[in-house]
Amino acid sequence: MSVNTQSNFQLVNFFIADYPPIGVNQVLYVKYTEDIRQATMTMEVQITDSETGFLSELQGMEPVFIRIADSKNETELGGQFVVYDIQDRRNVGGKSSAVLMLCTPDFLNNAANKVSRRFGKGMGIKIHDIVKEEILGNLMGVEPERLLNFEPCVNSFSFVSPYWNPFTAIRWLASRAIPATKGSGKAATAGYAFYETRSGYNFVSYDSFASKPSVVRMVIGHEGEELEEEDDKGILAIDKLTIESSVDLLAGLNLGSYSSNVMTLDLKNMQYKEYPFNINKYYQDVSLMNSNNTPDFFSGFENNRTYTRIMSKISDSALFTTGTYTQGFTKQLSQSSLREKLFYNKKVVVEFVSDYSLEIGEVVQLDIYKGTSDREQDYANSGKYVIGRIERTFKSSEDKMTTRATLYTDSDGTEDTEAET
């Protein structure tokens with residue numbers, strides 16, 4: 001992957017409703033964001049207007065078309081947006097400015113609709129088909145070319161949305177979806193991510209990221225040299241790195257990701273049943289990005305004498321389709337809680353200047369070195385990471401676009417995993 005580290009900002013197009021085009025000299029800053037947890041792209045744009053004064057006429061809901069590009073014009077970001085808020089209006093010395101908060105029309109459509117209808121009629125259909133065809137395609141009218149990557153699920157489902165908006169229904173289904181590649185048994189880990197990139201919508205399992213190849217190698221403090229080896233070319237130099245979280249045990253305890261018990265009462269036959277969950281029974285079957293070595297503190301959850309979270313659920317199995325995976329939907333909730341917690345286990349934030357080619361959902365190889373004179377590698381914190389959030393910020397005073405990326409990984413790296421990548 002070629003990485004251009006001398007990338008500057010280009011404003012390709014910028015139109016607001018029927019007003020005259022916005023020029024690059026009117027743009028004070030631009031912030032473009034993709035987030036794997038938000039299922040939408042957003043933008044913030046601060047503009048100034050000292051001639052027509054049209055900023056004072058903006059009220060929200062105006063359509064916006066904006067496209068920005070890197071210096072080589074290889075990657076463009078943006079598209080159709082809607083003004084959902086106008087912040088920080090100012091008028092100083094006859095010069096007015098404001099910050100336009102932009103979201104996609106799909107996201108606004110999602111927020112405005114509360115749905116009460118049945119999805120997966122009959123005996124139910126595959127979850128990925130419900131998300132792709134029934135919700136995004138038929139209900140929201142998303143264009144087919146925007147339905148990018150939908151990993152097949154093994155389980156079918158049928159449910160009634162209780163006045164949820166479409167994205168809420170998708171997140172509910174995501175926690176119950178089992179990838180078709182995992183089959184049945186303990187390895188059938190539930191849990192999908194639903195997100196949008198500049199290319200389109202994605203609905204993929206957390207397990208799938210473990211098998212993705214890295215698209216670029218990031219090295220903290222790397223300085224390219226004219227005679228560097230071939231393996232070192234194409235490295236993305238990281239200017240700043242912060243390991244914000246390494247495990248967050250309290251969150252895992254509260255979510256029941258390590259040890260939990262679900263007590264259920266089925267209204268169909270008034271049957272009471274408990275579903276205990278223990279991470280030690282499932283961890284070795286989970287597809288991880290780096291090392292599968294079991295963390296030492298997991299040994300404290302080897303017995304079921306106590307649980308960190310106890311949940312109660314009243315269900316009616318008569319409302320659900322029959323089948324192995326539907327009958328085990330309560331167990332899937334515990335598996336999903338484990339898988340999602342593991343996915344966001346370690347959080348690293350990096351800052352750099354590059355082109356716009358990287359996007360969320362891609363896997364990178366991160367190499368971190370200890371603070372010693374011989375630059376000994378920190379293998380525990382190095383390894384494969386998923387890009388979970390991208391913030392690209394342009395400031396007119398700096399005349400360049402900087403990138404702040406939030407990376408996640410589900411396991412520590414080792415010297416062996418470094419050698420494999």
# chains A, B, ... in the order shown; residues from 1 in each chain; ligands from 1
$ select_by_dssp --residues "stretch 52-238 of chain A" --states "helix (DSSP H, G or I)" --output "ChimeraX atom specification"
/A:54-57,105-112,127-139,144-146,166-174,180-182,185-187,206-211,230-232
$ write_last_selection --atoms "N, CA and C atoms" --output "compact mmCIF listing (two decimals), in the first residue's frame"
# COMPACT_ATOMS: atom_id res chain seq x y z
N PHE A 54 -25.04 34.99 3.73
CA PHE A 54 -26.06 33.94 3.69
C PHE A 54 -26.07 33.05 4.93
N LEU A 55 -24.98 33.06 5.71
CA LEU A 55 -24.94 32.20 6.90
C LEU A 55 -26.08 32.50 7.86
N SER A 56 -26.47 33.76 7.96
CA SER A 56 -27.55 34.11 8.87
C SER A 56 -28.89 33.56 8.42
N GLU A 57 -28.99 33.12 7.16
CA GLU A 57 -30.25 32.58 6.63
C GLU A 57 -30.38 31.08 6.84
N PRO A 105 -27.98 11.83 4.64
CA PRO A 105 -29.44 11.72 4.57
C PRO A 105 -29.97 10.42 5.16
N ASP A 106 -29.20 9.32 5.00
CA ASP A 106 -29.63 8.04 5.58
C ASP A 106 -29.73 8.12 7.09
N PHE A 107 -28.76 8.77 7.71
CA PHE A 107 -28.77 8.86 9.18
C PHE A 107 -29.93 9.72 9.67
N LEU A 108 -30.23 10.78 8.95
CA LEU A 108 -31.37 11.63 9.31
C LEU A 108 -32.67 10.86 9.11
N ASN A 109 -32.76 10.11 8.02
CA ASN A 109 -33.93 9.28 7.76
C ASN A 109 -34.11 8.24 8.85
N ASN A 110 -33.00 7.67 9.30
CA ASN A 110 -33.05 6.69 10.38
C ASN A 110 -33.59 7.30 11.67
N ALA A 111 -33.10 8.50 12.02
CA ALA A 111 -33.52 9.14 13.27
C ALA A 111 -34.99 9.56 13.23
N ALA A 112 -35.53 9.79 12.04
CA ALA A 112 -36.89 10.30 11.93
C ALA A 112 -37.95 9.20 11.85
N ILE A 127 -30.18 -13.44 9.01
CA ILE A 127 -30.08 -12.11 9.59
C ILE A 127 -29.44 -11.12 8.64
N HIS A 128 -28.39 -11.52 7.93
CA HIS A 128 -27.74 -10.58 7.02
C HIS A 128 -28.68 -10.15 5.89
N ASP A 129 -29.61 -11.03 5.50
CA ASP A 129 -30.59 -10.67 4.47
C ASP A 129 -31.64 -9.71 5.03
N ILE A 130 -32.01 -9.87 6.31
CA ILE A 130 -32.93 -8.91 6.93
C ILE A 130 -32.31 -7.52 6.93
N VAL A 131 -31.04 -7.45 7.34
CA VAL A 131 -30.36 -6.16 7.42
C VAL A 131 -30.19 -5.54 6.04
N LYS A 132 -29.71 -6.32 5.09
CA LYS A 132 -29.39 -5.79 3.76
C LYS A 132 -30.63 -5.48 2.93
N GLU A 133 -31.56 -6.43 2.87
CA GLU A 133 -32.68 -6.30 1.95
C GLU A 133 -33.91 -5.66 2.60
N GLU A 134 -34.33 -6.17 3.75
CA GLU A 134 -35.57 -5.69 4.33
C GLU A 134 -35.44 -4.32 4.99
N ILE A 135 -34.32 -4.08 5.69
CA ILE A 135 -34.18 -2.81 6.42
C ILE A 135 -33.52 -1.74 5.56
N LEU A 136 -32.28 -1.99 5.13
CA LEU A 136 -31.55 -0.96 4.38
C LEU A 136 -32.11 -0.78 2.97
N GLY A 137 -32.40 -1.87 2.28
CA GLY A 137 -32.86 -1.78 0.91
C GLY A 137 -34.31 -1.36 0.78
N ASN A 138 -35.22 -2.18 1.30
CA ASN A 138 -36.65 -1.93 1.11
C ASN A 138 -37.18 -0.81 2.00
N LEU A 139 -36.80 -0.80 3.28
CA LEU A 139 -37.34 0.18 4.22
C LEU A 139 -36.70 1.56 4.04
N PRO A 144 -28.31 0.17 -4.06
CA PRO A 144 -27.62 -1.14 -4.02
C PRO A 144 -26.10 -1.04 -3.99
N GLU A 145 -25.53 -0.06 -4.71
CA GLU A 145 -24.07 0.05 -4.73
C GLU A 145 -23.49 0.49 -3.39
N ARG A 146 -24.34 1.00 -2.49
CA ARG A 146 -23.87 1.38 -1.15
C ARG A 146 -23.92 0.20 -0.18
N PRO A 166 -34.52 2.17 12.38
CA PRO A 166 -33.88 1.06 11.65
C PRO A 166 -32.51 0.67 12.16
N PHE A 167 -31.66 1.64 12.50
CA PHE A 167 -30.32 1.29 12.96
C PHE A 167 -30.35 0.59 14.32
N THR A 168 -31.31 0.94 15.16
CA THR A 168 -31.45 0.25 16.45
C THR A 168 -31.80 -1.21 16.22
N ALA A 169 -32.71 -1.47 15.28
CA ALA A 169 -33.08 -2.85 14.95
C ALA A 169 -31.87 -3.62 14.42
N ILE A 170 -31.03 -2.96 13.62
CA ILE A 170 -29.85 -3.62 13.07
C ILE A 170 -28.86 -3.96 14.19
N ARG A 171 -28.66 -3.04 15.12
CA ARG A 171 -27.75 -3.33 16.25
C ARG A 171 -28.28 -4.47 17.10
N TRP A 172 -29.61 -4.54 17.26
CA TRP A 172 -30.21 -5.64 18.03
C TRP A 172 -29.95 -6.97 17.33
N LEU A 173 -30.09 -6.99 16.01
CA LEU A 173 -29.82 -8.20 15.25
C LEU A 173 -28.34 -8.54 15.26
N ALA A 174 -27.48 -7.52 15.25
CA ALA A 174 -26.04 -7.74 15.20
C ALA A 174 -25.54 -8.54 16.39
N ALA A 180 -21.57 -17.59 9.28
CA ALA A 180 -21.76 -18.91 8.68
C ALA A 180 -20.49 -19.75 8.74
N THR A 181 -19.34 -19.10 8.77
CA THR A 181 -18.07 -19.83 8.78
C THR A 181 -17.79 -20.53 10.11
N LYS A 182 -18.50 -20.14 11.18
CA LYS A 182 -18.21 -20.70 12.50
C LYS A 182 -19.00 -21.96 12.79
N GLY A 185 -21.91 -25.31 17.80
CA GLY A 185 -21.10 -25.63 18.96
C GLY A 185 -20.53 -24.40 19.64
N LYS A 186 -19.50 -24.60 20.46
CA LYS A 186 -18.91 -23.50 21.22
C LYS A 186 -18.30 -22.44 20.31
N ALA A 187 -17.88 -22.84 19.11
CA ALA A 187 -17.22 -21.90 18.22
C ALA A 187 -18.20 -20.92 17.57
N TYR A 206 -17.31 -9.82 14.18
CA TYR A 206 -16.07 -9.42 14.86
C TYR A 206 -14.97 -10.44 14.59
N ASP A 207 -15.35 -11.72 14.45
CA ASP A 207 -14.35 -12.76 14.19
C ASP A 207 -13.65 -12.56 12.86
N SER A 208 -14.34 -11.95 11.88
CA SER A 208 -13.77 -11.84 10.54
C SER A 208 -12.52 -10.97 10.50
N PHE A 209 -12.40 -10.03 11.44
CA PHE A 209 -11.23 -9.14 11.43
C PHE A 209 -9.94 -9.91 11.73
N ALA A 210 -10.06 -11.05 12.41
CA ALA A 210 -8.87 -11.82 12.77
C ALA A 210 -8.17 -12.39 11.54
N SER A 211 -8.93 -12.64 10.48
CA SER A 211 -8.34 -13.23 9.28
C SER A 211 -8.00 -12.21 8.21
N GLU A 230 13.81 -2.91 1.34
CA GLU A 230 12.54 -2.98 0.63
C GLU A 230 11.38 -3.22 1.58
N ASP A 231 11.59 -4.04 2.62
CA ASP A 231 10.52 -4.33 3.59
C ASP A 231 10.11 -3.10 4.38
N ASP A 232 10.98 -2.11 4.44
CA ASP A 232 10.69 -0.91 5.23
C ASP A 232 10.00 0.17 4.41
$ residues_around --residues "stretch 397-407 of chain A" --least-positions-apart "6" --cutoff "9 Å" --atoms "only C-alpha atoms" --output "ChimeraX atom specification"
/A:6-9,28-30,70,344,346-356,360,363-364,385-391
$ closest_residue --among "A:Gln26, A:Asn292, A:Lys126, A:Arg217" --to "A:Asp367" --atoms "only C-alpha atoms"
A:Arg217
$ residues_around --residues "A:Ser161" --least-positions-apart "4" --cutoff "9 Å" --atoms "only C-alpha atoms" --output "ChimeraX atom specification"
/A:114-119,165-166,169
$ write_last_selection --atoms "N, CA and C atoms" --output "PDB file, in the first residue's frame"
ATOM      1  N   LYS A 114     -39.644   5.623  13.290  1.00  0.00           N
ATOM      2  CA  LYS A 114     -39.841   4.603  14.303  1.00  0.00           C
ATOM      3  C   LYS A 114     -40.711   3.506  13.695  1.00  0.00           C
ATOM      4  N   VAL A 115     -40.193   2.306  13.678  1.00  0.00           N
ATOM      5  CA  VAL A 115     -40.807   1.238  12.896  1.00  0.00           C
ATOM      6  C   VAL A 115     -41.473   0.203  13.798  1.00  0.00           C
ATOM      7  N   SER A 116     -42.722  -0.139  13.469  1.00  0.00           N
ATOM      8  CA  SER A 116     -43.440  -1.221  14.131  1.00  0.00           C
ATOM      9  C   SER A 116     -43.961  -2.163  13.056  1.00  0.00           C
ATOM     10  N   ARG A 117     -43.191  -3.179  12.780  1.00  0.00           N
ATOM     11  CA  ARG A 117     -43.569  -4.166  11.764  1.00  0.00           C
ATOM     12  C   ARG A 117     -42.737  -5.424  11.963  1.00  0.00           C
ATOM     13  N   ARG A 118     -43.141  -6.473  11.286  1.00  0.00           N
ATOM     14  CA  ARG A 118     -42.432  -7.737  11.406  1.00  0.00           C
ATOM     15  C   ARG A 118     -41.382  -7.864  10.308  1.00  0.00           C
ATOM     16  N   PHE A 119     -40.215  -8.325  10.704  1.00  0.00           N
ATOM     17  CA  PHE A 119     -39.146  -8.620   9.761  1.00  0.00           C
ATOM     18  C   PHE A 119     -38.890 -10.122   9.770  1.00  0.00           C
ATOM     19  N   ASN A 165     -35.978   2.677  15.676  1.00  0.00           N
ATOM     20  CA  ASN A 165     -35.540   3.187  14.388  1.00  0.00           C
ATOM     21  C   ASN A 165     -34.721   2.080  13.704  1.00  0.00           C
ATOM     22  N   PRO A 166     -34.524   2.168  12.377  1.00  0.00           N
ATOM     23  CA  PRO A 166     -33.881   1.061  11.645  1.00  0.00           C
ATOM     24  C   PRO A 166     -32.507   0.665  12.164  1.00  0.00           C
ATOM     25  N   ALA A 169     -32.707  -1.474  15.284  1.00  0.00           N
ATOM     26  CA  ALA A 169     -33.076  -2.852  14.952  1.00  0.00           C
ATOM     27  C   ALA A 169     -31.867  -3.623  14.421  1.00  0.00           C
TER      28      ALA A 169
END
$ residues_around --residues "A:Arg339" --least-positions-apart "6" --cutoff "9 Å" --atoms "only C-alpha atoms" --output "PyMOL selection string"
chain A and resi 189-191+206-207+257+286+410
$ write_last_selection --atoms "N, CA and C atoms" --output "mmCIF file, in the first residue's frame"
data_model
loop_
_atom_site.group_PDB
_atom_site.id
_atom_site.type_symbol
_atom_site.label_atom_id
_atom_site.label_comp_id
_atom_site.auth_asym_id
_atom_site.auth_seq_id
_atom_site.Cartn_x
_atom_site.Cartn_y
_atom_site.Cartn_z
ATOM 1 N N THR A 189 -19.651 -18.178 17.818
ATOM 2 C CA THR A 189 -19.656 -16.923 18.558
ATOM 3 C C THR A 189 -20.538 -15.895 17.866
ATOM 4 N N ALA A 190 -21.455 -15.310 18.619
ATOM 5 C CA ALA A 190 -22.344 -14.287 18.069
ATOM 6 C C ALA A 190 -21.698 -12.921 18.188
ATOM 7 N N GLY A 191 -22.057 -12.025 17.273
ATOM 8 C CA GLY A 191 -21.582 -10.650 17.350
ATOM 9 C C GLY A 191 -21.111 -10.109 16.018
ATOM 10 N N TYR A 206 -17.307 -9.818 14.182
ATOM 11 C CA TYR A 206 -16.072 -9.423 14.858
ATOM 12 C C TYR A 206 -14.967 -10.441 14.593
ATOM 13 N N ASP A 207 -15.350 -11.722 14.448
ATOM 14 C CA ASP A 207 -14.352 -12.755 14.193
ATOM 15 C C ASP A 207 -13.651 -12.564 12.858
ATOM 16 N N SER A 257 -18.997 -10.067 30.846
ATOM 17 C CA SER A 257 -18.216 -10.639 29.750
ATOM 18 C C SER A 257 -17.368 -11.821 30.194
ATOM 19 N N VAL A 286 -12.435 -18.631 20.280
ATOM 20 C CA VAL A 286 -12.673 -17.332 19.668
ATOM 21 C C VAL A 286 -11.518 -16.991 18.726
ATOM 22 N N ASP A 410 -8.110 -7.225 20.096
ATOM 23 C CA ASP A 410 -8.728 -8.095 21.093
ATOM 24 C C ASP A 410 -7.729 -8.915 21.888
#
$ residues_around --residues "A:Phe15" --least-positions-apart "3" --cutoff "6 Å" --atoms "only C-alpha atoms" --output "ChimeraX atom specification"
/A:21,64-65
$ closest_residue --among "A:Met43, A:Ala237, A:Ile220, A:Lys341" --to "A:Ser175" --atoms "only C-alpha atoms"
A:Lys341
$ residues_around --residues "A:Asp85" --least-positions-apart "5" --cutoff "8 Å" --atoms "only C-alpha atoms" --output "list in words"
Gly60, Leu100, Met101 and Leu102 of chain A
$ residues_around --residues "A:Asp49" --least-positions-apart "6" --cutoff "10 Å" --atoms "only C-alpha atoms" --output "MDAnalysis selection string"
chainID A and resid 22 25:27 55:56 91 94:98
$ write_last_selection --atoms "C-alpha atoms" --output "CSV table (one decimal), in the first residue's frame"
chain,number,residue,atom,x,y,z
A,22,ILE,CA,-18.2,27.9,-1.3
A,25,ASN,CA,-10.7,30.6,1.0
A,26,GLN,CA,-14.0,30.6,2.9
A,27,VAL,CA,-13.2,27.3,4.7
A,55,LEU,CA,-24.9,32.2,6.9
A,56,SER,CA,-27.6,34.1,8.9
A,91,ASN,CA,-19.9,38.2,13.6
A,94,GLY,CA,-18.4,42.6,9.8
A,95,LYS,CA,-17.1,39.1,9.1
A,96,SER,CA,-19.6,36.3,9.9
A,97,SER,CA,-18.7,32.6,10.5
A,98,ALA,CA,-20.4,29.4,11.7
$ closest_residue --among "A:Val215, A:Leu255, A:Ala193, A:Ile238" --to "A:Glu359" --atoms "only C-alpha atoms"
A:Val215
